[in-house]
Each structure stands twice: as structure tokens, then as C-alpha cells.
Amino acid sequence: MIVVASTAEMQQRALEVRSAGRSIGLVPTMGALHEGHLSLVRAARRDNDFVVVSLFVNPTQFGPNEDLQQYPRDFETDRRKLEAERVDALYAPSTEEVYAAGFQTYICVEELGARLDGASRPMHFRGVATVVAKLFNVVQPHRAYFGQKDAAQVAVIRRLVRDLCFPVQLVVCPIIRESDGLAMSSRNGYLNPEERKAATVLYRSLREAEARYREGERSGEALTRVLLECLAAEPLARVDYAAVVDPDSLLPLERLEDPALVAVAGWFGTTRLIDNTLLGESRHDYP
Ligand code: AMP
């Protein structure tokens with residue numbers, strides 16, 4: 001595995017791989033790698049000749065009072081995990097490399113970027129869309145791998161790819177969970193033992209909504225109420241949002257369509273966590 005910090009070198013290597021007729025798969029990450037990330041890496045390894053994992057804690061997607069400084073960083077451990085997955089290139093640029101002095105070009109996915117997580121984290125998806133567009137230009141991937149864990153991010157990036165005609169196929173991989181259902185996240189390490197226990201309420205609320213859906217409930221409002229009641233029963237959880245939306249537009253559904261995205265976000269102490277599930281027969285074919 002080569003480790004590349006220079007954008008010019010990464011782009012040059014990618015162009016060489018493409019000219020040799022080999023396919024490139026990209027997995028964008030912020031590091032602190034867990035099994036969720038590695039599931040994306042394995043999918044990329046399965047589908048492509050050349051696998052690039054990017055590791056960059058992107059400052060522009062953090063708000064002023066968010067956890068940019070505390071965000072877990074362990075380059076050596078991440079490097080070893082990726083080596084073991086037979087990754088071809090680890091692209092790990094510095095902040096100055098990505099945002100050189102004078103940087104001022106941002107990509108804003110206007111309406112989608114302001115929904116769900118975008119509503120509570122106003123500049124977040126501007127930062128995400130900008131860095132992903134840059135990664136696409138640098139790494140020139142045929143396919144890019146994202147986790148369903150970040151469902152709103154998937155919607156934003158799908159829109160970005162369509163709107164700006166990136167010749168990239170998006171591959172969305174299922175959510176990987178701990179044995180008690182908590183979705184794996186680099187931020188789970190912030191939780192104290194009580195918060196860690198309480199955080200399973202996100203998954204439990206989704207299961208509850210799923211059960212009501214199977215019993216025939218099709219009202220978005222009723223299912224949202226189920227989520228909120230379940231979340232309210234956990235005193236250590238503070239709800240950020242609970243929503244039943246169209247997975248492309250992220251707009252609330254009055255009557256459920258197939259598929260429907262059920263998404264929750266909550267605070268456990270100072271840690272914000274998210275989770276979601278897709279409902280409907282076509283959820284297996286989605287996206
Ligand atoms: P991050 O490092 O948090 O930016 O995540 C990098 C990629 O890994 C994103 O596409 C995430 O959606 C994905 N990811 C993070 N956690 C999980 C998980 N538990 N299951 C599947 N994918 C995940």
C-alpha cells in the first residue's frame with residue numbers, strides 16, 4: 001500500500017491507473033476506522049482493480065462548536081488496518097494541502113443540504129459536498145463507497161453526482177452495528193458507560209417503528225410519534241430529530257412510499273449520534 005500525502009501525486013497515480021484500463025474504487029473516511037468503514041473497503045476491494053481510501057478530517061464540515069479538535073485520530077492503527085485489507089493507496093493529505101491559502105470555492109447542495117442533519121448542522125453538507133467533489137477530481141474513481149449510516153449524506157452526494165455530472169457510480173453499503181444494535185461510529189468512543197447504554201435507544205426506536213410498519217401503519221406522522229415516544233422514554237437522550245422522509249428529497253412523507261427512510265438523531269451528553277432504517281419492499285434494491 002502506498003501512502004500519499006500530495007494531491008498532485010495522488011492525481012497523477014490515479015490517471016496512470018485509469019490509462020492502464022484499470023478500475024478505481026474510492027472509500028472516503030475521516031479515519032478512526034471501525035468495521036463500518038472496513039465493510040466499505042471490502043466492497044471496494046471486491047469490485048475494483050485499484051482501491052484508494054482517503055483519510056481526512058475535513059474541517060469545513062464541522063461547525064464552530066463541534067468536535068473537530070477532539071475527533072479521534074490514530075493514523076498508525078488506521079494504516080495497519082487498511083494494509084491488512086489489501087488497499088492499494090491511502091490518500092492522507094494535510095489540511096493545508098486540501099485547503100490551500102486563498103481557497104474559496106465551495107459546493108452547496110442547496111435544499112437537500114439544509115434538511116435532516118443539515119438543519120441542525122448548517123454548513124455541514126457544504127463542507128461534505130466540497131471535499132467529496134475534490135476527492136472525485138483527485139482520485140478519479142469509477143466507483144465511490146458510502147455508508148447508509150449517513151443517509152442524508154448519501155442523498156446529498158447522489159444529488160451532487162447528478163447535478164455536476166461526475167462520472168462516478170455510487171455504491172451504498174449497509175449499516176454495521178454493535179451486538180446490541182448501536183450503529184458503529186467513530187464518535188461512540190466519546191460516550192461514558194451510562195450514555196453508551198442509553199444510546200441503543202436510537203436503534204430500539206427504529207425497530208419499534210419498523211414493527212408498527214409491519215402491522216400496517218402507513219402514516220408518517222404516526223410513525224414519527226412512535227419514534228419520539230420511544231426516544232422520550234430514555235432520560236439520557238435528547239432528541240435532535242426523528243423523521244419519516246423520502247430518501248431522495250429528505251422531505252417528510254404524509255403517507256409512506258416505498259422505500260421510506262426513517263431517521264433519528266440524538267444527543268447523549270455532548271455526543272450527537274444518528275441512525276436510520278429503510279422501510280418498504282424496494283428497500284433491498286435501493287438505491
Ligand atoms: P466517516 O469516517 O464517519 O466520515 O465515515 C466514512 C464512511 O463510512 C461514510 O460513508 C460513512 O457512512 C461510513 N460509515 C460510518 N459508520 C458506518 C457504519 N456503522 N456502517 C456502515 N458504514 C459506515
# chains A, B, ... in the order shown; residues from 1 in each chain; ligands from 1
>>> residues_around(residues="Asn65 in chain A", least_positions_apart="5", cutoff="12 Å", atoms="only C-alpha atoms", output="list in words")
Pro59, Gln70, Arg121, Pro122 and Thr270 of chain A
>>> residues_around(residues="Ser94 in chain A", least_positions_apart="5", cutoff="12 Å", atoms="only C-alpha atoms", output="number ranges by chain")
A: 4-7, 54-59, 99-100
>>> residues_near_ligand(ligand="ligand 1", cutoff="9 Å", atoms="only C-alpha atoms and all ligand atoms", output="VMD selection string")
chain A and resid 27 to 40 55 to 58 145 to 151 153 to 154 172 to 178 182 to 187 275
>>> write_last_selection(atoms="C-alpha atoms", output="PDB file, in the first residue's frame")
ATOM      1  CA  VAL A  27     -13.682   4.988   0.075  1.00  0.00           C
ATOM      2  CA  PRO A  28     -13.723   8.459   1.708  1.00  0.00           C
ATOM      3  CA  THR A  29     -13.218   8.415   5.509  1.00  0.00           C
ATOM      4  CA  MET A  30     -12.223  10.617   8.402  1.00  0.00           C
ATOM      5  CA  GLY A  31     -10.207   7.796   9.985  1.00  0.00           C
ATOM      6  CA  ALA A  32     -10.636   6.180  13.431  1.00  0.00           C
ATOM      7  CA  LEU A  33     -11.558   3.188  11.340  1.00  0.00           C
ATOM      8  CA  HIS A  34     -14.021   0.545  12.566  1.00  0.00           C
ATOM      9  CA  GLU A  35     -15.858  -2.386  10.985  1.00  0.00           C
ATOM     10  CA  GLY A  36     -18.326   0.004   9.311  1.00  0.00           C
ATOM     11  CA  HIS A  37     -15.502   1.636   7.363  1.00  0.00           C
ATOM     12  CA  LEU A  38     -13.880  -1.726   6.655  1.00  0.00           C
ATOM     13  CA  SER A  39     -17.112  -3.096   5.166  1.00  0.00           C
ATOM     14  CA  LEU A  40     -16.892  -0.292   2.588  1.00  0.00           C
ATOM     15  CA  LEU A  55      -8.304   9.750   5.339  1.00  0.00           C
ATOM     16  CA  PHE A  56      -9.011  13.384   6.022  1.00  0.00           C
ATOM     17  CA  VAL A  57     -10.718  15.030   8.992  1.00  0.00           C
ATOM     18  CA  ASN A  58     -12.412  17.718   6.962  1.00  0.00           C
ATOM     19  CA  TYR A 145     -18.395   3.784  -1.482  1.00  0.00           C
ATOM     20  CA  PHE A 146     -20.560   5.380   1.209  1.00  0.00           C
ATOM     21  CA  GLY A 147     -22.379   4.006   4.258  1.00  0.00           C
ATOM     22  CA  GLN A 148     -26.175   4.033   4.585  1.00  0.00           C
ATOM     23  CA  LYS A 149     -25.408   5.064   8.187  1.00  0.00           C
ATOM     24  CA  ASP A 150     -25.192   8.654   6.889  1.00  0.00           C
ATOM     25  CA  ALA A 151     -28.434   8.565   4.898  1.00  0.00           C
ATOM     26  CA  GLN A 153     -25.113  12.433   3.198  1.00  0.00           C
ATOM     27  CA  VAL A 154     -25.973   9.742   0.641  1.00  0.00           C
ATOM     28  CA  VAL A 172     -24.123   2.474  -0.735  1.00  0.00           C
ATOM     29  CA  CYS A 173     -23.304  -0.180   1.887  1.00  0.00           C
ATOM     30  CA  PRO A 174     -25.497  -1.348   4.815  1.00  0.00           C
ATOM     31  CA  ILE A 175     -25.118  -0.091   8.383  1.00  0.00           C
ATOM     32  CA  ILE A 176     -22.759  -2.181  10.525  1.00  0.00           C
ATOM     33  CA  ARG A 177     -23.851  -2.425  14.177  1.00  0.00           C
ATOM     34  CA  GLU A 178     -22.508  -3.457  17.561  1.00  0.00           C
ATOM     35  CA  LEU A 182     -25.855   0.586  18.232  1.00  0.00           C
ATOM     36  CA  ALA A 183     -24.617   1.709  14.813  1.00  0.00           C
ATOM     37  CA  MET A 184     -20.816   1.764  14.739  1.00  0.00           C
ATOM     38  CA  SER A 185     -19.408   5.293  14.760  1.00  0.00           C
ATOM     39  CA  SER A 186     -16.054   6.879  15.447  1.00  0.00           C
ATOM     40  CA  ARG A 187     -17.950   9.069  17.947  1.00  0.00           C
ATOM     41  CA  ASP A 275     -29.172   6.139  12.914  1.00  0.00           C
TER      42      ASP A 275
END
>>> closest_residue(among="A:Val51, A:Leu116, A:Val161, A:Ile2", to="Glu85 in chain A", atoms="only C-alpha atoms")
A:Val51
>>> closest_residue(among="A:Ser282, A:Thr271, A:Asn192, A:Thr60", to="Arg238 in chain A", atoms="only C-alpha atoms")
A:Thr271
>>> closest_residue(among="A:Thr224, A:Thr77, A:Gln12, A:Asn48", to="Val138 in chain A", atoms="only C-alpha atoms")
A:Gln12
>>> closest_residue(among="A:Gly189, A:Gly280, A:Gly118, A:Gly63", to="Tyr241 in chain A", atoms="only C-alpha atoms")
A:Gly118
>>> atom_distance(atom1="CA of Tyr190 in chain A", atom2="CA of Leu278 in chain A")
27.0 Å
>>> select_by_dssp(residues="range 30-101 of chain A", states="strand (DSSP E or B)", output="number ranges by chain")
A: 50-55, 89-91
>>> write_last_selection(atoms="C-alpha atoms", output="PDB file, in the first residue's frame")
ATOM      1  CA  PHE A  50      -7.255  -0.330  -7.528  1.00  0.00           C
ATOM      2  CA  VAL A  51      -8.638   0.717  -4.138  1.00  0.00           C
ATOM      3  CA  VAL A  52      -7.992   4.159  -2.676  1.00  0.00           C
ATOM      4  CA  VAL A  53      -9.023   5.039   0.883  1.00  0.00           C
ATOM      5  CA  SER A  54      -8.896   8.712   1.751  1.00  0.00           C
ATOM      6  CA  LEU A  55      -8.304   9.750   5.339  1.00  0.00           C
ATOM      7  CA  ALA A  89      -3.349   3.599  -1.830  1.00  0.00           C
ATOM      8  CA  LEU A  90      -4.022   5.561   1.333  1.00  0.00           C
ATOM      9  CA  TYR A  91      -4.513   9.209   0.437  1.00  0.00           C
TER      10      TYR A  91
END
>>> closest_atom_pairs(of="range 226-245 of chain A", to="range 201-218 of chain A", cutoff="8 Å", atoms="only C-alpha atoms", output="CSV")
residue,atom,partner,partner_atom,distance
A:Val226,CA,A:Ala209,CA,6.0
A:Leu227,CA,A:Ser205,CA,5.0
A:Leu228,CA,A:Ser205,CA,7.8
A:Cys230,CA,A:Ser205,CA,5.4
A:Leu231,CA,A:Val201,CA,6.2
A:Glu234,CA,A:Val201,CA,6.9
A:Ala237,CA,A:Val201,CA,8.0
>>> select_by_dssp(residues="range 63-208 of chain A", states="helix (DSSP H, G or I)", output="number ranges by chain")
A: 75-84, 95-98, 112-114, 117-120, 124-139, 151-163, 186-190, 193-198, 201-208
>>> atom_distance(atom1="CA of Ala263 in chain A", atom2="CA of Ala222 in chain A")
14.2 Å
>>> closest_residue(among="A:Arg126, A:Arg272, A:Arg196, A:Arg255", to="Glu66 in chain A", atoms="only C-alpha atoms")
A:Arg272
>>> closest_residue(among="A:Arg73, A:Lys134, A:Lys81, A:Arg86", to="Tyr106 in chain A", atoms="only C-alpha atoms")
A:Lys134
